[in-house]
>>> print(open('structure.pdb').read())   # PDB, C-alpha atoms
ATOM      1  CA  ARG A 114      86.888 101.370 120.915
ATOM      2  CA  ALA A 115      89.219 100.955 123.923
ATOM      3  CA  LEU A 116      92.015  99.745 121.612
ATOM      4  CA  ARG A 117      91.309 102.564 119.104
ATOM      5  CA  CYS A 118      90.769 100.022 116.326
ATOM      6  CA  SER A 119      88.978 100.983 113.136
ATOM      7  CA  GLY A 120      85.785  99.212 112.050
ATOM      8  CA  PRO A 121      87.479  96.741 109.664
ATOM      9  CA  GLU A 122      90.160  95.961 112.261
ATOM     10  CA  SER A 123      87.522  95.270 114.933
ATOM     11  CA  VAL A 124      85.596  92.966 112.588
ATOM     12  CA  ALA A 125      88.775  91.053 111.717
ATOM     13  CA  ILE A 126      89.638  90.588 115.406
ATOM     14  CA  CYS A 127      86.127  89.308 116.200
ATOM     15  CA  ILE A 128      86.182  86.771 113.367
ATOM     16  CA  GLU A 129      89.707  85.579 114.189
ATOM     17  CA  CYS A 130      88.769  85.028 117.834
ATOM     18  CA  CYS A 131      85.555  83.174 116.956
ATOM     19  CA  TYR A 132      86.906  80.945 114.181
ATOM     20  CA  GLN A 133      88.625  77.850 115.593
ATOM     21  CA  ASN A 134      90.425  74.921 113.961
ATOM     22  CA  THR A 135      87.800  72.188 114.156
ATOM     23  CA  ALA A 136      89.928  69.780 112.101
ATOM     24  CA  LEU A 137      92.546  69.814 114.861
ATOM     25  CA  ALA A 138      89.870  69.155 117.479
ATOM     26  CA  ILE A 139      88.563  66.188 115.478
ATOM     27  CA  THR A 140      92.091  64.792 115.162
ATOM     28  CA  VAL A 141      92.620  65.028 118.909
ATOM     29  CA  ALA A 142      89.247  63.410 119.634
ATOM     30  CA  VAL A 143      90.032  60.457 117.341
ATOM     31  CA  SER A 144      93.517  60.029 118.809
ATOM     32  CA  VAL A 145      92.636  60.305 122.513
ATOM     33  CA  PHE A 146      89.343  58.437 122.843
ATOM     34  CA  GLU A 147      88.473  54.824 122.215
ATOM     35  CA  PRO A 148      86.812  54.129 118.849
ATOM     36  CA  LYS A 149      83.303  54.030 120.307
ATOM     37  CA  GLU A 150      83.824  57.225 122.305
ATOM     38  CA  ALA A 151      85.709  58.933 119.463
ATOM     39  CA  ALA A 152      82.674  58.765 117.192
ATOM     40  CA  LEU A 153      80.671  60.697 119.778
ATOM     41  CA  ALA A 154      83.524  63.068 120.625
ATOM     42  CA  THR A 155      83.941  64.158 117.018
ATOM     43  CA  LEU A 156      80.364  65.406 116.987
ATOM     44  CA  VAL A 157      81.318  68.255 119.335
ATOM     45  CA  PRO A 158      83.783  70.015 116.975
ATOM     46  CA  LEU A 159      81.534  69.242 114.006
ATOM     47  CA  PHE A 160      78.582  70.864 115.751
ATOM     48  CA  TYR A 161      80.723  73.838 116.777
ATOM     49  CA  GLY A 162      82.035  74.156 113.225
ATOM     50  CA  GLY A 163      78.528  74.385 111.833
ATOM     51  CA  ILE A 164      77.505  76.951 114.422
ATOM     52  CA  GLU A 165      80.582  79.127 113.861
ATOM     53  CA  ILE A 166      80.029  79.170 110.099
ATOM     54  CA  ALA A 167      76.467  80.401 110.585
ATOM     55  CA  VAL A 168      77.395  82.944 113.273
ATOM     56  CA  ILE A 169      80.392  84.339 111.393
ATOM     57  CA  ALA A 170      78.377  84.650 108.178
ATOM     58  CA  ALA A 171      75.597  86.517 109.984
ATOM     59  CA  PHE A 172      78.078  88.744 111.818
ATOM     60  CA  ALA A 173      79.984  89.528 108.609
ATOM     61  CA  PHE A 174      76.741  90.475 106.851
ATOM     62  CA  ILE A 175      75.699  92.779 109.706
ATOM     63  CA  ALA A 176      79.167  94.350 109.837
ATOM     64  CA  TRP A 177      79.084  94.919 106.070
ATOM     65  CA  GLN A 178      75.659  96.590 106.242
ATOM     66  CA  ALA A 179      76.818  98.712 109.195
ATOM     67  CA  ASN A 180      79.792  99.986 107.118
ATOM     68  CA  TRP A 181      82.323  98.379 109.465
ATOM     69  CA  THR A 182      84.188  96.749 106.575
ATOM     70  CA  TYR A 183      86.208  98.023 103.617
ATOM     71  CA  ALA A 184      83.524  96.821 101.187
ATOM     72  CA  PRO A 185      80.825  99.470 100.613
ATOM     73  CA  ARG A 186      77.368  98.235 101.570
ATOM     74  CA  THR A 187      76.052  99.594  98.270
ATOM     75  CA  ASP A 188      78.041  97.000  96.272
ATOM     76  CA  ASN A 189      76.539  93.696  95.189
ATOM     77  CA  ILE A 190      77.029  90.998  97.835
ATOM     78  CA  PHE A 191      78.550  88.565  95.321
ATOM     79  CA  LYS A 192      80.990  91.235  94.206
ATOM     80  CA  CYS A 193      81.966  91.777  97.837
ATOM     81  CA  ILE A 194      82.554  88.056  98.391
ATOM     82  CA  ALA A 195      84.610  87.587  95.226
ATOM     83  CA  GLY A 196      86.380  90.957  95.225
ATOM     84  CA  ASN A 197      89.336  92.321  97.158
ATOM     85  CA  TYR A 198      88.682  95.535  99.054
ATOM     86  CA  GLN A 199      91.881  95.595 101.094
ATOM     87  CA  PRO A 200      93.606  99.004 100.965
ATOM     88  CA  ASP A 201      96.885  99.191  99.101
ATOM     89  CA  HIS A 202      99.211  99.426 102.096
ATOM     90  CA  GLN A 203     102.275  99.474  99.897
ATOM     91  CA  ALA A 204     101.103 102.737  98.366
ATOM     92  CA  ALA A 205      99.622 104.120 101.569
ATOM     93  CA  GLU A 206     102.516 103.271 103.872
ATOM     94  CA  GLY A 207     105.441 103.105 101.514
ATOM     95  CA  HIS A 208     106.351 106.726 102.146
ATOM     96  CA  SER A 209     106.236 106.145 105.900
ATOM     97  CA  HIS A 210     108.771 103.347 105.817
ATOM     98  CA  VAL A 211     111.373 104.988 103.610
ATOM     99  CA  ALA A 212     110.518 108.651 103.876
ATOM    100  CA  VAL A 213     113.395 109.784 106.080
ATOM    101  CA  SER A 214     116.091 107.870 104.208
ATOM    102  CA  GLU A 215     114.693 108.913 100.825
ATOM    103  CA  LEU A 216     114.492 112.535 101.901
ATOM    104  CA  ALA A 217     118.099 112.454 102.995
ATOM    105  CA  SER A 218     119.238 110.836  99.738
ATOM    106  CA  ASN A 219     117.205 113.326  97.684
ATOM    107  CA  SER A 220     118.501 116.346  99.547
ATOM    108  CA  GLY A 221     121.275 116.948  97.051
ATOM    109  CA  SER A 222     124.656 115.621  95.997
ATOM    110  CA  ALA A 223     127.049 118.238  97.228
ATOM    111  CA  GLY A 224     129.406 115.753  98.849
ATOM    112  CA  SER A 225     130.031 116.373 102.542
ATOM    113  CA  GLY A 226     127.453 119.169 102.498
ATOM    114  CA  ASN A 227     124.582 116.701 102.223
ATOM    115  CA  LEU A 228     122.097 116.368 105.051
ATOM    116  CA  SER A 229     122.153 113.060 106.920
ATOM    117  CA  VAL A 230     119.212 110.880 107.907
ATOM    118  CA  ALA A 231     119.701 112.059 111.484
ATOM    119  CA  ASP A 232     119.445 115.700 110.351
ATOM    120  CA  ILE A 233     116.099 115.053 108.665
ATOM    121  CA  GLY A 234     114.824 113.259 111.753
ATOM    122  CA  LYS A 235     115.911 116.147 113.982
ATOM    123  CA  ALA A 236     114.225 118.656 111.698
ATOM    124  CA  LEU A 237     110.911 116.876 112.290
ATOM    125  CA  ASP A 238     111.409 116.947 116.064
ATOM    126  CA  PRO A 239     110.329 120.297 117.568
ATOM    127  CA  THR A 240     112.665 119.726 120.532
ATOM    128  CA  GLU A 241     115.726 119.378 118.280
ATOM    129  CA  THR A 242     117.502 121.946 116.136
ATOM    130  CA  VAL A 243     119.345 121.414 112.868
ATOM    131  CA  GLU A 244     121.694 124.204 111.900
ATOM    132  CA  PRO A 245     122.076 124.224 108.096
ATOM    133  CA  GLY A 246     125.614 124.889 106.908
ATOM    134  CA  GLY A 247     124.612 127.741 104.662
ATOM    135  CA  GLU A 248     121.755 128.750 102.396
ATOM    136  CA  ALA A 249     122.271 125.798 100.025
ATOM    137  CA  GLN A 250     121.896 123.244 102.794
ATOM    138  CA  ARG A 251     118.883 125.066 104.235
ATOM    139  CA  LYS A 252     117.274 124.812 100.803
ATOM    140  CA  GLN A 253     118.071 121.086 100.723
ATOM    141  CA  LEU A 254     116.384 120.672 104.091
ATOM    142  CA  LEU A 255     113.284 122.594 102.986
ATOM    143  CA  ASP A 256     113.084 120.630  99.727
ATOM    144  CA  SER A 257     113.187 117.424 101.743
ATOM    145  CA  LEU A 258     110.483 118.624 104.109
ATOM    146  CA  HIS A 259     108.247 119.745 101.240
ATOM    147  CA  SER A 260     108.689 116.318  99.616
ATOM    148  CA  ARG A 261     107.655 114.712 102.877
ATOM    149  CA  LYS A 262     104.591 116.966 103.100
ATOM    150  CA  GLN A 263     103.569 116.051  99.562
ATOM    151  CA  ALA A 264     103.870 112.342 100.390
ATOM    152  CA  LEU A 265     101.727 112.764 103.496
ATOM    153  CA  ASP A 266      99.147 114.797 101.561
ATOM    154  CA  GLU A 267      98.847 111.886  99.145
ATOM    155  CA  GLU A 268      98.372 109.450 102.048
ATOM    156  CA  VAL A 269      95.662 111.661 103.559
ATOM    157  CA  THR A 270      93.873 111.834 100.200
ATOM    158  CA  SER A 271      94.136 108.060  99.798
ATOM    159  CA  TRP A 272      92.671 107.508 103.266
ATOM    160  CA  ALA A 273      89.785 109.919 102.577
ATOM    161  CA  GLN A 274      88.979 108.192  99.276
ATOM    162  CA  SER A 275      89.017 104.793 100.970
ATOM    163  CA  TYR A 276      86.716 106.075 103.714
ATOM    164  CA  GLU A 277      84.284 107.539 101.182
ATOM    165  CA  ARG A 278      84.150 104.238  99.273
ATOM    166  CA  ARG A 279      83.390 102.336 102.475
ATOM    167  CA  MET A 280      80.964 104.738 104.127
ATOM    168  CA  GLY A 281      79.359 106.366 101.091
ATOM    169  CA  ARG A 282      80.152 109.878 102.353
ATOM    170  CA  ARG A 283      83.117 112.161 102.887
ATOM    171  CA  PRO A 284      84.835 111.964 106.274
ATOM    172  CA  THR A 285      84.225 114.753 108.751
ATOM    173  CA  ALA A 286      86.774 116.198 111.161
ATOM    174  CA  GLN A 287      85.264 114.006 113.878
ATOM    175  CA  ASP A 288      85.638 110.920 111.684
ATOM    176  CA  ARG A 289      89.305 111.739 111.146
ATOM    177  CA  SER A 290      89.947 112.216 114.855
ATOM    178  CA  ARG A 291      88.312 108.883 115.716
ATOM    179  CA  ASP A 292      90.190 106.843 113.122
ATOM    180  CA  PRO A 293      93.673 105.845 114.421
ATOM    181  CA  ASP A 294      95.255 105.881 110.947
ATOM    182  CA  ALA A 295      93.839 109.302 110.054
ATOM    183  CA  ALA A 296      94.800 110.728 113.452
ATOM    184  CA  GLU A 297      98.368 109.481 113.023
ATOM    185  CA  LEU A 298      98.589 110.966 109.525
ATOM    186  CA  SER A 299      97.352 114.314 110.858
ATOM    187  CA  ARG A 300      99.907 114.253 113.659
ATOM    188  CA  ARG A 301     102.780 113.544 111.267
ATOM    189  CA  LEU A 302     101.563 116.167 108.801
ATOM    190  CA  GLU A 303     101.403 118.792 111.545
ATOM    191  CA  ARG A 304     105.008 118.021 112.512
ATOM    192  CA  VAL A 305     106.197 118.445 108.929
ATOM    193  CA  ILE A 306     104.287 121.713 108.447
ATOM    194  CA  SER A 307     105.662 123.018 111.740
ATOM    195  CA  ALA A 308     109.207 122.123 110.667
ATOM    196  CA  ILE A 309     108.741 123.857 107.296
ATOM    197  CA  GLU A 310     107.537 127.016 109.024
ATOM    198  CA  ARG A 311     110.487 126.960 111.443
ATOM    199  CA  TYR A 312     113.146 126.592 108.774
ATOM    200  CA  GLU A 313     111.528 128.872 106.205
ATOM    201  CA  ASP A 314     111.592 131.849 108.550
ATOM    202  CA  GLY A 315     115.064 130.958 109.869
ATOM    203  CA  THR A 316     113.909 130.405 113.441
ATOM    204  CA  SER A 317     116.391 127.622 114.005
ATOM    205  CA  THR A 318     119.314 129.825 112.972
ATOM    206  CA  ARG A 319     118.309 132.549 115.395
ATOM    207  CA  ASP A 320     117.799 130.040 118.202
ATOM    208  CA  MET A 321     121.251 128.580 117.596
ATOM    209  CA  ALA A 322     122.808 132.011 117.631
ATOM    210  CA  ARG A 323     121.271 132.712 121.048
ATOM    211  CA  VAL A 324     122.733 129.482 122.419
TER     212      VAL A 324
END
>>> encode(input="structure.pdb", output="structure tokens")
Amino acid sequence: RALRCSGPESVAICIECCYQNTALAITVAVSVFEPKEAALATLVPLFYGGIEIAVIAAFAFIAWQANWTYAPRTDNIFKCIAGNYQPDHQAAEGHSHVAVSELASNSGSAGSGNLSVADIGKALDPTETVEPGGEAQRKQLLDSLHSRKQALDEEVTSWAQSYERRMGRRPTAQDRSRDPDAAELSRRLERVISAIERYEDGTSTRDMARV
């Protein structure tokens, strides 16, 4: 909770911290101790290995039933073990990684009149102002912002569908505010919507004229 991790992230951290390399410990025990002592020393990592397998299995089962994992608790346990429930990050985050550069490249092909990557970034920053060089460039900027909004809407929908599969219910506003990924998507979406509203009503042009 303190790190604002989601349920699946918290479960992964717990398992990673608990699971240790017992093979390495056995190797060290055999190498360091005398043969008679090594036989006894190797029992320690072997015992720990057996305990950690049992504890991790029990913890994973409880986490699955508590809906802390990506796998829905309504699915068959064997399907959960054999299946892959990891979210498709390439689809969910792909827009985030290339959005600004793609928006700039898709903003038109009018030569020197094209918007730059920096212009798109400034348009999303409420403290910055981009002054379009005419109605055509303002339209390019708005087209880019609307494309960005559509991409974010798709990410929000994908997150909601993933949440519903895991939890068996639709996410509430409180669920969205608690989840770090959903909260970040909402913050970015609000910035894009705010930028669209500013440039659709020509606020930036009037502000520039006052300066």
>>> closest_residue(input="structure.pdb", among="A:Tyr161, A:Phe146, A:Phe172, A:Trp181", to="Cys118 of chain A", atoms="all atoms listed in the file")
A:Trp181
>>> residues_around(input="structure.pdb", residues="Leu302 of chain A", least_positions_apart="6", cutoff="12 Å", atoms="all atoms listed in the file", output="number ranges by chain")
A: 209, 237, 258-269, 295-296, 308-309
>>> write_last_selection(input="structure.pdb", atoms="C-alpha atoms", output="compact mmCIF listing (two decimals), in the frame of the given file")
# COMPACT_ATOMS: atom_id res chain seq x y z
CA SER A 209 106.24 106.14 105.90
CA LEU A 237 110.91 116.88 112.29
CA LEU A 258 110.48 118.62 104.11
CA HIS A 259 108.25 119.74 101.24
CA SER A 260 108.69 116.32 99.62
CA ARG A 261 107.66 114.71 102.88
CA LYS A 262 104.59 116.97 103.10
CA GLN A 263 103.57 116.05 99.56
CA ALA A 264 103.87 112.34 100.39
CA LEU A 265 101.73 112.76 103.50
CA ASP A 266 99.15 114.80 101.56
CA GLU A 267 98.85 111.89 99.14
CA GLU A 268 98.37 109.45 102.05
CA VAL A 269 95.66 111.66 103.56
CA ALA A 295 93.84 109.30 110.05
CA ALA A 296 94.80 110.73 113.45
CA ALA A 308 109.21 122.12 110.67
CA ILE A 309 108.74 123.86 107.30
>>> closest_residue(input="structure.pdb", among="A:Val305, A:Ala173, A:Ile194, A:Leu254", to="Cys127 of chain A", atoms="all atoms listed in the file")
A:Ala173
>>> residues_around(input="structure.pdb", residues="Val157 of chain A", least_positions_apart="6", cutoff="12 Å", atoms="only C-alpha atoms", output="tab-separated table (two decimals) with C-alpha atoms, in the frame of the given file")
chain	number	residue	atom	x	y	z
A	135	THR	CA	87.80	72.19	114.16
A	136	ALA	CA	89.93	69.78	112.10
A	138	ALA	CA	89.87	69.16	117.48
A	139	ILE	CA	88.56	66.19	115.48
A	141	VAL	CA	92.62	65.03	118.91
A	142	ALA	CA	89.25	63.41	119.63
A	143	VAL	CA	90.03	60.46	117.34
A	150	GLU	CA	83.82	57.22	122.30
A	151	ALA	CA	85.71	58.93	119.46
A	163	GLY	CA	78.53	74.39	111.83
A	164	ILE	CA	77.50	76.95	114.42
>>> closest_residue(input="structure.pdb", among="A:Ile190, A:Ile306, A:Ala179, A:Ala195", to="Gly120 of chain A", atoms="only C-alpha atoms")
A:Ala179
>>> atom_distance(input="structure.pdb", atom1="atom CA of Trp272 of chain A", atom2="atom CA of Asp292 of chain A")
10.2 Å
>>> closest_residue(input="structure.pdb", among="A:Tyr312, A:Ile166, A:Pro158, A:Lys149", to="Cys131 of chain A", atoms="all atoms listed in the file")
A:Ile166
>>> closest_residue(input="structure.pdb", among="A:Ser119, A:Asp238, A:Ser144, A:Glu165", to="Arg301 of chain A", atoms="all atoms listed in the file")
A:Asp238
>>> atom_distance(input="structure.pdb", atom1="atom CA of Asp294 of chain A", atom2="atom CA of Ala273 of chain A")
10.8 Å
>>> atom_distance(input="structure.pdb", atom1="atom CA of Pro284 of chain A", atom2="atom CA of Ala176 of chain A")
18.8 Å
